[in-house]
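K.L.:
Provided below: run.cif, containing mmCIF, C-alpha atoms and all ligand atoms.
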data_protein
loop_
_atom_site.label_atom_id
_atom_site.label_comp_id
_atom_site.auth_asym_id
_atom_site.auth_seq_id
_atom_site.Cartn_x
_atom_site.Cartn_y
_atom_site.Cartn_z
CA MET V 450 0.00 0.00 0.00
CA LYS V 451 1.21 3.49 -0.91
CA LYS V 452 2.01 5.88 1.90
CA ILE V 453 1.67 9.65 1.63
CA LEU V 454 2.86 12.35 3.97
CA ILE V 455 0.52 15.34 4.30
CA ILE V 456 2.33 18.45 5.49
CA TYR V 457 -0.09 21.05 6.79
CA THR V 458 1.41 24.54 6.78
CA GLY V 459 -1.73 26.64 7.35
CA GLY V 460 -3.93 28.52 4.89
CA THR V 461 -7.68 28.82 4.48
CA ILE V 462 -8.25 25.07 4.19
CA GLY V 463 -7.78 24.49 7.92
CA MET V 464 -8.83 27.88 9.23
CA VAL V 465 -11.69 28.52 11.62
CA ARG V 466 -13.86 31.59 12.11
CA THR V 467 -12.55 34.05 14.67
CA ASP V 468 -13.62 37.57 15.66
CA ASN V 469 -10.91 38.91 13.32
CA GLY V 470 -11.81 36.73 10.33
CA TYR V 471 -10.54 33.28 9.36
CA ALA V 472 -7.34 32.17 11.10
CA PRO V 473 -5.50 28.86 11.63
CA LYS V 474 -6.00 27.06 14.95
CA ASP V 475 -3.49 24.62 16.44
CA GLY V 476 -4.72 21.06 16.79
CA TYR V 477 -7.98 21.60 14.86
CA PHE V 478 -6.87 20.20 11.53
CA ARG V 479 -6.48 16.53 12.47
CA ALA V 480 -10.08 16.47 13.69
CA ALA V 481 -11.18 18.19 10.47
CA LEU V 482 -9.49 15.46 8.39
CA ASP V 483 -10.90 12.70 10.56
CA ALA V 484 -14.36 14.06 9.83
CA ILE V 485 -13.95 13.34 6.09
CA PRO V 486 -14.98 9.67 5.68
CA ALA V 487 -13.57 9.40 2.13
CA LEU V 488 -10.06 9.95 3.46
CA HIS V 489 -10.34 6.65 5.30
CA ALA V 490 -11.91 4.69 2.42
CA GLU V 491 -10.29 1.43 1.37
CA GLU V 492 -9.19 2.71 -2.02
CA MET V 493 -7.28 5.61 -0.48
CA PRO V 494 -3.55 5.30 0.10
CA GLU V 495 -2.36 5.31 3.67
CA TRP V 496 -1.48 8.81 4.86
CA GLU V 497 0.09 10.51 7.81
CA LEU V 498 -0.24 14.12 8.87
CA TYR V 499 2.57 16.43 9.91
CA GLU V 500 1.39 19.76 11.26
CA MET V 501 3.89 22.58 11.04
CA SER V 502 4.19 25.09 13.82
CA PRO V 503 3.28 27.90 13.81
CA LEU V 504 0.47 27.49 11.28
CA LEU V 505 0.56 30.37 8.84
CA ASP V 506 -1.58 32.42 6.60
CA SER V 507 0.56 31.99 3.49
CA SER V 508 1.07 35.76 3.24
CA ASN V 509 3.55 35.21 6.07
CA MET V 510 5.62 32.54 4.29
CA THR V 511 9.33 33.27 4.06
CA VAL V 512 12.46 31.52 2.89
CA ALA V 513 12.69 29.99 6.39
CA GLU V 514 9.38 28.14 5.90
CA TRP V 515 10.41 27.01 2.40
CA ASN V 516 13.53 25.52 3.97
CA LYS V 517 11.45 23.81 6.64
CA ILE V 518 9.02 22.25 4.15
CA ALA V 519 11.80 21.14 1.79
CA ALA V 520 13.82 19.67 4.68
CA LEU V 521 10.77 17.74 5.93
CA ILE V 522 10.36 16.20 2.49
CA ALA V 523 14.07 15.43 2.09
CA GLU V 524 14.38 13.86 5.57
CA ARG V 525 11.33 11.64 5.06
CA TYR V 526 11.82 11.02 1.33
CA ASP V 527 12.47 7.27 1.59
CA ARG V 528 9.60 6.62 3.98
CA TYR V 529 6.80 7.89 1.75
CA ASP V 530 5.69 7.41 -1.85
CA GLY V 531 4.57 10.99 -2.29
CA PHE V 532 3.92 14.26 -0.48
CA VAL V 533 0.95 16.62 -0.21
CA VAL V 534 1.64 20.12 1.06
CA LEU V 535 -1.46 21.95 2.33
CA HIS V 536 -0.82 25.64 1.93
CA GLY V 537 -2.63 28.98 1.69
CA THR V 538 -3.45 29.98 -1.85
CA ASP V 539 -1.99 33.49 -1.70
CA THR V 540 1.65 32.45 -2.03
CA MET V 541 1.21 28.83 -3.07
CA ALA V 542 2.71 29.45 -6.51
CA TYR V 543 5.84 30.98 -4.91
CA THR V 544 6.29 28.01 -2.55
CA ALA V 545 5.66 25.53 -5.37
CA SER V 546 8.28 27.31 -7.50
CA ALA V 547 10.81 27.42 -4.67
CA LEU V 548 10.37 23.72 -3.84
CA SER V 549 10.75 22.80 -7.51
CA PHE V 550 14.24 24.32 -7.53
CA MET V 551 15.27 23.23 -4.02
CA LEU V 552 14.42 19.54 -4.49
CA GLU V 553 16.98 18.53 -7.10
CA ASN V 554 16.47 15.10 -8.75
CA LEU V 555 12.98 14.77 -7.33
CA GLY V 556 11.74 11.30 -8.27
CA LYS V 557 8.38 11.41 -6.43
CA SER V 558 5.44 13.77 -6.50
CA VAL V 559 5.02 16.78 -4.25
CA VAL V 560 1.49 18.16 -4.65
CA LEU V 561 0.58 21.54 -3.19
CA THR V 562 -3.07 22.25 -2.57
CA GLY V 563 -5.39 24.22 -0.32
CA SER V 564 -8.83 25.72 -0.67
CA GLN V 565 -10.74 28.92 -1.13
CA ILE V 566 -13.41 27.89 1.41
CA PRO V 567 -12.27 26.35 4.73
CA LEU V 568 -13.12 22.75 5.59
CA CYS V 569 -15.28 24.03 8.46
CA GLU V 570 -17.77 25.41 5.91
CA VAL V 571 -20.31 23.18 4.15
CA ARG V 572 -19.34 24.34 0.64
CA SER V 573 -15.61 23.83 1.17
CA ASP V 574 -13.62 23.00 -1.95
CA GLY V 575 -10.94 21.59 0.35
CA ARG V 576 -12.34 18.05 0.45
CA ASP V 577 -11.87 17.29 -3.23
CA ASN V 578 -8.59 19.18 -3.34
CA ILE V 579 -7.12 17.02 -0.55
CA ILE V 580 -8.57 13.69 -1.67
CA THR V 581 -7.50 14.11 -5.31
CA SER V 582 -4.07 15.45 -4.32
CA ILE V 583 -3.43 12.35 -2.19
CA LEU V 584 -4.41 10.11 -5.12
CA ILE V 585 -2.10 12.06 -7.44
CA ALA V 586 0.75 11.94 -4.92
CA ALA V 587 0.40 8.16 -4.88
CA ASP V 588 0.58 7.90 -8.66
CA GLU V 589 4.00 6.90 -9.92
CA ARG V 590 3.73 8.93 -13.11
CA VAL V 591 4.41 12.29 -11.47
CA HIS V 592 7.97 13.18 -10.46
CA GLU V 593 7.77 16.88 -9.86
CA VAL V 594 6.42 19.65 -7.69
CA CYS V 595 2.90 20.39 -8.84
CA LEU V 596 -0.19 22.24 -7.74
CA TYR V 597 -3.67 20.69 -7.72
CA PHE V 598 -6.66 22.97 -7.52
CA GLY V 599 -10.24 22.92 -8.79
CA GLY V 600 -9.92 19.79 -10.89
CA THR V 601 -6.62 20.59 -12.58
CA LEU V 602 -3.04 19.56 -11.90
CA LEU V 603 -0.51 22.22 -12.90
CA ARG V 604 3.27 22.29 -12.88
CA GLY V 605 4.08 24.18 -9.69
CA ASN V 606 6.57 26.61 -11.21
CA ARG V 607 4.19 27.43 -14.08
CA ALA V 608 1.19 28.19 -11.89
CA THR V 609 -0.04 31.60 -10.83
CA LYS V 610 -2.96 32.60 -8.62
CA TYR V 611 -5.62 34.01 -10.89
CA SER V 612 -8.76 34.36 -8.79
CA ALA V 613 -9.22 35.74 -5.30
CA ASP V 614 -12.60 34.10 -4.88
CA GLY V 615 -13.21 31.55 -7.64
CA LEU V 616 -12.85 27.85 -6.94
CA ILE V 617 -10.58 27.50 -9.97
CA ALA V 618 -8.02 29.80 -8.43
CA PHE V 619 -4.88 28.94 -10.42
CA VAL V 620 -3.89 29.00 -14.06
CA SER V 621 -0.78 27.99 -15.97
CA PRO V 622 -0.91 30.30 -18.98
CA ASN V 623 2.25 29.10 -20.69
CA TYR V 624 2.15 25.38 -20.06
CA PRO V 625 -0.64 22.81 -20.41
CA PRO V 626 -2.14 21.13 -17.32
CA LEU V 627 -0.35 17.98 -16.20
CA ALA V 628 -3.68 16.27 -15.51
CA GLU V 629 -7.41 16.95 -15.43
CA ALA V 630 -9.55 15.34 -12.75
CA GLY V 631 -12.96 14.65 -14.23
CA ILE V 632 -14.68 11.30 -13.77
CA ALA V 633 -11.16 9.88 -14.02
CA ILE V 634 -7.83 11.58 -13.42
CA ARG V 635 -6.37 11.94 -16.90
CA TYR V 636 -2.65 12.62 -17.06
CA ARG V 637 -1.08 14.38 -20.00
CA LYS V 638 1.98 12.15 -20.32
CA SER V 639 3.78 14.38 -22.80
CA ALA V 640 3.62 17.31 -20.37
CA LEU V 641 5.12 15.48 -17.38
CA LEU V 642 8.81 15.73 -16.50
CA PRO V 643 10.74 12.47 -16.94
CA LYS V 644 11.92 10.63 -13.84
CA PRO V 645 15.36 12.03 -13.05
CA GLU V 646 18.44 9.92 -12.54
CA GLY V 647 20.44 10.38 -9.40
CA THR V 648 19.38 10.76 -5.82
CA LEU V 649 17.43 13.57 -4.24
CA ARG V 650 19.52 16.55 -3.18
CA LEU V 651 18.21 19.43 -1.12
CA GLN V 652 19.46 22.93 -1.82
CA ARG V 653 18.50 25.17 1.09
CA LEU V 654 17.76 28.79 0.30
CA GLU V 655 19.26 31.91 1.79
CA SER V 656 17.35 35.15 2.30
CA VAL V 657 19.02 36.79 -0.66
CA PRO V 658 17.95 40.44 -1.13
CA ILE V 659 15.78 40.46 -4.26
CA GLY V 660 13.41 43.08 -5.65
CA VAL V 661 10.47 43.17 -8.06
CA ILE V 662 9.62 46.32 -10.02
CA LYS V 663 6.42 46.58 -12.03
CA VAL V 664 6.56 49.30 -14.67
CA PHE V 665 3.54 51.51 -15.41
CA PRO V 666 2.92 54.52 -17.64
CA GLY V 667 4.65 57.52 -16.13
CA ILE V 668 6.92 55.48 -13.84
CA GLN V 669 9.70 57.63 -12.39
CA PHE V 670 12.64 55.29 -12.51
CA SER V 671 14.81 57.70 -10.53
CA LEU V 672 12.77 56.80 -7.44
CA PHE V 673 14.26 53.33 -7.58
CA GLU V 674 17.83 54.54 -7.77
CA SER V 675 18.26 54.52 -4.01
CA ILE V 676 17.41 50.81 -3.69
CA MET V 677 20.01 49.83 -6.29
CA THR V 678 22.81 49.27 -3.82
CA GLU V 679 25.36 46.49 -3.92
CA LYS V 680 23.18 44.69 -1.37
CA LEU V 681 20.54 43.98 -4.01
CA ARG V 682 21.49 40.71 -5.71
CA GLY V 683 18.63 40.35 -8.18
CA ILE V 684 15.69 42.28 -9.60
CA VAL V 685 12.74 41.01 -11.55
CA ILE V 686 11.34 43.76 -13.71
CA GLU V 687 7.76 43.22 -14.87
CA THR V 688 7.61 44.97 -18.21
CA PHE V 689 4.83 45.63 -20.71
CA GLY V 690 4.15 43.01 -23.38
CA ALA V 691 7.23 41.39 -24.86
CA GLY V 692 9.69 43.18 -22.56
CA ASN V 693 9.01 46.85 -23.18
CA ILE V 694 9.64 49.75 -20.83
CA PRO V 695 8.41 53.34 -21.14
CA GLY V 696 10.41 55.80 -23.24
CA ASP V 697 13.61 54.89 -25.02
CA GLY V 698 15.13 53.55 -21.86
CA ASP V 699 17.04 56.75 -21.12
CA ALA V 700 15.44 57.11 -17.71
CA LEU V 701 16.10 53.54 -16.77
CA LEU V 702 19.58 53.16 -18.19
CA PRO V 703 21.54 54.92 -15.43
CA ILE V 704 19.74 52.75 -12.93
CA ILE V 705 20.43 49.57 -14.82
CA ARG V 706 24.05 50.58 -15.20
CA ARG V 707 24.28 51.15 -11.49
CA ALA V 708 22.67 47.75 -10.85
CA PHE V 709 25.09 46.21 -13.29
CA ALA V 710 28.11 47.79 -11.65
CA ASN V 711 26.88 46.51 -8.30
CA GLY V 712 26.59 42.98 -9.66
CA THR V 713 22.77 42.86 -9.51
CA VAL V 714 21.15 40.42 -11.93
CA LEU V 715 18.18 41.99 -13.72
CA THR V 716 15.61 39.59 -15.11
CA VAL V 717 12.89 40.76 -17.46
CA CYS V 718 9.42 39.24 -17.16
CA SER V 719 6.16 40.30 -18.76
CA GLN V 720 3.04 41.69 -17.14
CA CYS V 721 1.10 39.62 -19.67
CA PRO V 722 0.38 36.23 -18.14
CA GLN V 723 0.58 34.58 -21.55
CA GLY V 724 3.46 34.73 -24.03
CA ALA V 725 7.16 35.40 -23.73
CA VAL V 726 9.58 38.28 -23.41
CA SER V 727 11.58 38.94 -26.55
CA LEU V 728 14.23 41.54 -25.77
CA GLY V 729 15.12 43.69 -28.72
CA ALA V 730 11.91 43.01 -30.64
CA TYR V 731 10.94 46.67 -30.05
CA GLU V 732 13.06 49.75 -29.60
CA THR V 733 11.53 50.06 -26.12
CA SER V 734 13.14 46.81 -25.00
CA SER V 735 16.54 47.08 -26.68
CA ALA V 736 17.89 49.34 -23.92
CA LEU V 737 17.34 46.52 -21.45
CA LYS V 738 19.11 44.10 -23.73
CA ARG V 739 22.09 46.40 -24.30
CA ALA V 740 22.42 46.99 -20.57
CA GLY V 741 22.87 43.28 -19.92
CA ALA V 742 19.44 42.33 -18.57
CA VAL V 743 18.48 38.69 -18.95
CA SER V 744 15.27 37.56 -20.56
CA GLY V 745 12.90 35.58 -18.40
CA LEU V 746 11.14 34.39 -21.58
CA ASP V 747 7.74 33.01 -20.47
CA ILE V 748 8.60 32.43 -16.80
CA THR V 749 6.15 33.61 -14.13
CA THR V 750 7.28 36.30 -11.70
CA GLU V 751 6.81 33.76 -8.90
CA ALA V 752 9.20 31.31 -10.54
CA ALA V 753 11.68 34.06 -11.47
CA VAL V 754 11.88 35.21 -7.84
CA ALA V 755 12.30 31.63 -6.58
CA LYS V 756 14.93 30.88 -9.24
CA LEU V 757 17.00 33.92 -8.25
CA TYR V 758 16.89 32.81 -4.61
CA TYR V 759 17.93 29.33 -5.65
CA LEU V 760 20.79 30.27 -7.97
CA PHE V 761 22.31 32.74 -5.52
CA SER V 762 21.93 30.19 -2.69
CA CYS V 763 23.87 27.70 -4.82
CA GLY V 764 26.77 30.14 -4.54
CA TYR V 765 27.07 30.82 -8.27
CA ASP V 766 28.70 34.04 -9.44
CA LYS V 767 26.77 36.71 -11.29
CA GLU V 768 27.69 35.50 -14.78
CA ARG V 769 26.59 31.96 -14.01
CA VAL V 770 23.33 33.18 -12.45
CA LYS V 771 22.66 35.26 -15.56
CA ALA V 772 23.32 32.33 -17.87
CA MET V 773 21.17 29.95 -15.81
CA MET V 774 18.27 32.43 -15.58
CA GLU V 775 17.90 31.94 -19.33
CA GLN V 776 18.11 28.14 -19.10
CA ASP V 777 15.24 25.83 -18.34
CA LEU V 778 16.10 23.98 -15.10
CA ARG V 779 12.81 22.40 -13.94
CA GLY V 780 10.38 22.97 -16.78
CA GLU V 781 9.76 26.54 -15.62
CA MET V 782 10.36 28.20 -18.99
CA THR V 783 10.08 27.47 -22.68
CA VAL V 784 13.50 28.00 -24.22
N1 LIG B 801 -4.85 34.18 3.06
C1 LIG B 801 -4.98 32.76 2.80
C2 LIG B 801 -3.60 32.17 2.67
O1 LIG B 801 -2.99 32.30 1.66
C3 LIG B 801 -5.78 32.53 1.59
C4 LIG B 801 -6.01 31.07 1.24
O2 LIG B 801 -5.50 30.16 1.82
O3 LIG B 801 -6.76 30.83 0.29
O4 LIG B 801 -3.10 31.60 3.59
#
Can you give me the file's structure in the form of structure tokens?
Ligand code: ASP

P.N.:
Amino acid sequence: MKKILIIYTGGTIGMVRTDNGYAPKDGYFRAALDAIPALHAEEMPEWELYEMSPLLDSSNMTVAEWNKIAALIAERYDRYDGFVVLHGTDTMAYTASALSFMLENLGKSVVLTGSQIPLCEVRSDGRDNIITSILIAADERVHEVCLYFGGTLLRGNRATKYSADGLIAFVSPNYPPLAEAGIAIRYRKSALLPKPEGTLRLQRLESVPIGVIKVFPGIQFSLFESIMTEKLRGIVIETFGAGNIPGDGDALLPIIRRAFANGTVLTVCSQCPQGAVSLGAYETSSALKRAGAVSGLDITTEAAVAKLYYLFSCGYDKERVKAMMEQDLRGEMTV
């Protein structure tokens, strides 16, 4: 019989009503799971629950919690066939992206899920999300970090939260779903990562100083000059369309040059969820290209941030980080 470890980190799924709105409550979750008969049905794999402490609203997730979750998986890797991480939806795509880089040579499935409505409510979407995630985690076809929500299995580092209140809360605009859970769970074999060779290796992350800048019409780039110190290791710049910034780049160039001199790696992503950055396609993006920015192609901002953390934590120098930001490491970008 397959054995799955459920790691409960917090999030709406296990929250209860309080005077200040929904919040996690220590010790409540096990009882909530025990109250779902299907989880104890014969056809379900065996599962065990590990409750993290403190339980968090995922807005409070940091690199420290990513390290904790990844270490839990790595330490218990041989004892379980797969892992389900219950997590708040707000930063689930960031955690999924981070875990995908941290767990090198992952040969089992790590499925992140949660819910928009807590289990304590009658209309909770959490029941199906947990049950189906456990079944997916026990399936030997999946060897990657993925995110199951609202009937669809997505690659974790391709997912992005799309709805604040819909039950289909995540999309993967640049990569097809890995599976669809209708009457049966149908896997898209061609979309799944192959089983890696080699043994699992955990790369812990450091709290590397990273920034994200979203451009908008009329942006005064000079305001950002003061944050461009040598402390800043990486910046993700969310540009218009295929990598365009306002003006001819004159306003941004001194800032990029300063970043460059300081050794900061500047990665260009798009504000458009779908499609890829193509630096130099327009005059408005060639300044970025000339100044040595790297193209994030079709990567999500979530995955770009996680990848910067990962590459700097590996101890690579700036040139290597730049080169690897443009390479596909875990299926996070289409090269
Ligand atoms: N604020 C919650 C969280 O991310 C939202 C959710 O779980 O859906 O933890």

K.L.:
Mind running segment 541-592 of chain V against segment 450-455 of chain V at 12 Å and telling me each contacting residue's nearest atom pair with the distance in Å (one decimal), counting all atoms listed in the file, chain and number ascending, as JSON lines?

P.N.:
{"residue": "V:Lys557", "atom": "CA", "partner": "V:Ile453", "partner_atom": "CA", "distance": 10.6}
{"residue": "V:Ser558", "atom": "CA", "partner": "V:Ile453", "partner_atom": "CA", "distance": 9.9}
{"residue": "V:Val559", "atom": "CA", "partner": "V:Leu454", "partner_atom": "CA", "distance": 9.6}
{"residue": "V:Val560", "atom": "CA", "partner": "V:Ile455", "partner_atom": "CA", "distance": 9.4}
{"residue": "V:Leu561", "atom": "CA", "partner": "V:Ile455", "partner_atom": "CA", "distance": 9.7}
{"residue": "V:Thr562", "atom": "CA", "partner": "V:Ile455", "partner_atom": "CA", "distance": 10.4}
{"residue": "V:Gly563", "atom": "CA", "partner": "V:Ile455", "partner_atom": "CA", "distance": 11.6}
{"residue": "V:Ile579", "atom": "CA", "partner": "V:Ile455", "partner_atom": "CA", "distance": 9.2}
{"residue": "V:Ile580", "atom": "CA", "partner": "V:Ile455", "partner_atom": "CA", "distance": 11.0}
{"residue": "V:Ser582", "atom": "CA", "partner": "V:Ile455", "partner_atom": "CA", "distance": 9.8}
{"residue": "V:Ile583", "atom": "CA", "partner": "V:Ile453", "partner_atom": "CA", "distance": 6.9}
{"residue": "V:Leu584", "atom": "CA", "partner": "V:Ile453", "partner_atom": "CA", "distance": 9.1}
{"residue": "V:Ile585", "atom": "CA", "partner": "V:Ile453", "partner_atom": "CA", "distance": 10.1}
{"residue": "V:Ala586", "atom": "CA", "partner": "V:Ile453", "partner_atom": "CA", "distance": 7.0}
{"residue": "V:Ala587", "atom": "CA", "partner": "V:Lys451", "partner_atom": "CA", "distance": 6.2}
{"residue": "V:Asp588", "atom": "CA", "partner": "V:Lys451", "partner_atom": "CA", "distance": 8.9}
{"residue": "V:Glu589", "atom": "CA", "partner": "V:Lys451", "partner_atom": "CA", "distance": 10.0}

K.L.:
Taking C-alpha atoms for each residue, export the selection above as a tab-separated table (two decimals), in the frame of the given file.

P.N.:
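The resulting file, out.tsv, is reproduced below:
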chain	number	residue	atom	x	y	z
V	557	LYS	CA	8.38	11.41	-6.43
V	558	SER	CA	5.44	13.77	-6.50
V	559	VAL	CA	5.02	16.78	-4.25
V	560	VAL	CA	1.49	18.16	-4.65
V	561	LEU	CA	0.58	21.54	-3.19
V	562	THR	CA	-3.07	22.25	-2.57
V	563	GLY	CA	-5.39	24.22	-0.32
V	579	ILE	CA	-7.12	17.02	-0.55
V	580	ILE	CA	-8.57	13.69	-1.67
V	582	SER	CA	-4.07	15.45	-4.32
V	583	ILE	CA	-3.43	12.35	-2.19
V	584	LEU	CA	-4.41	10.11	-5.12
V	585	ILE	CA	-2.10	12.06	-7.44
V	586	ALA	CA	0.75	11.94	-4.92
V	587	ALA	CA	0.40	8.16	-4.88
V	588	ASP	CA	0.58	7.90	-8.66
V	589	GLU	CA	4.00	6.90	-9.92

K.L.:
Would you compute the distance between atom CA of Ile659 of chain V and atom CA of Gly683 of chain V? Give it in Å to one decimal.

P.N.:
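Computed distance, atom CA of Ile659 of chain V to atom CA of Gly683 of chain V, equals 4.8 Å.
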
K.L.:
At a cut-off of 9 Å around ligand LIG 801 (chain B), and using only C-alpha atoms and all ligand atoms, what residues come up? Please write them as a PyMOL selection string.

P.N.:
chain V and resi 458-464+471-473+505-510+536-541+563-567+613-614+618

K.L.:
Check the smallest atom-to-atom distance from each of V:Leu555, V:Leu521, V:Val571, V:Val743 to Leu649 of chain V using all atoms listed in the file, then report the winner.

P.N.:
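Among the listed residues, V:Leu555 lies closest to Leu649 of chain V.
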
K.L.:
Select, from V:Tyr457, V:Phe532, V:Tyr624, V:Phe689, the residue with the minimum atom-to-atom distance to Lys663 of chain V, counting all atoms listed in the file.

P.N.:
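That would be V:Phe689, the residue with the smallest distance to Lys663 of chain V.
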
K.L.:
Rank nothing, just name the residue among V:Gly764, V:Pro626, V:Pro503, V:Pro645 nearest to Asn606 of chain V, using all atoms listed in the file.

P.N.:
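When distances to Asn606 of chain V are compared using all atoms listed in the file, the smallest one comes from V:Pro626.
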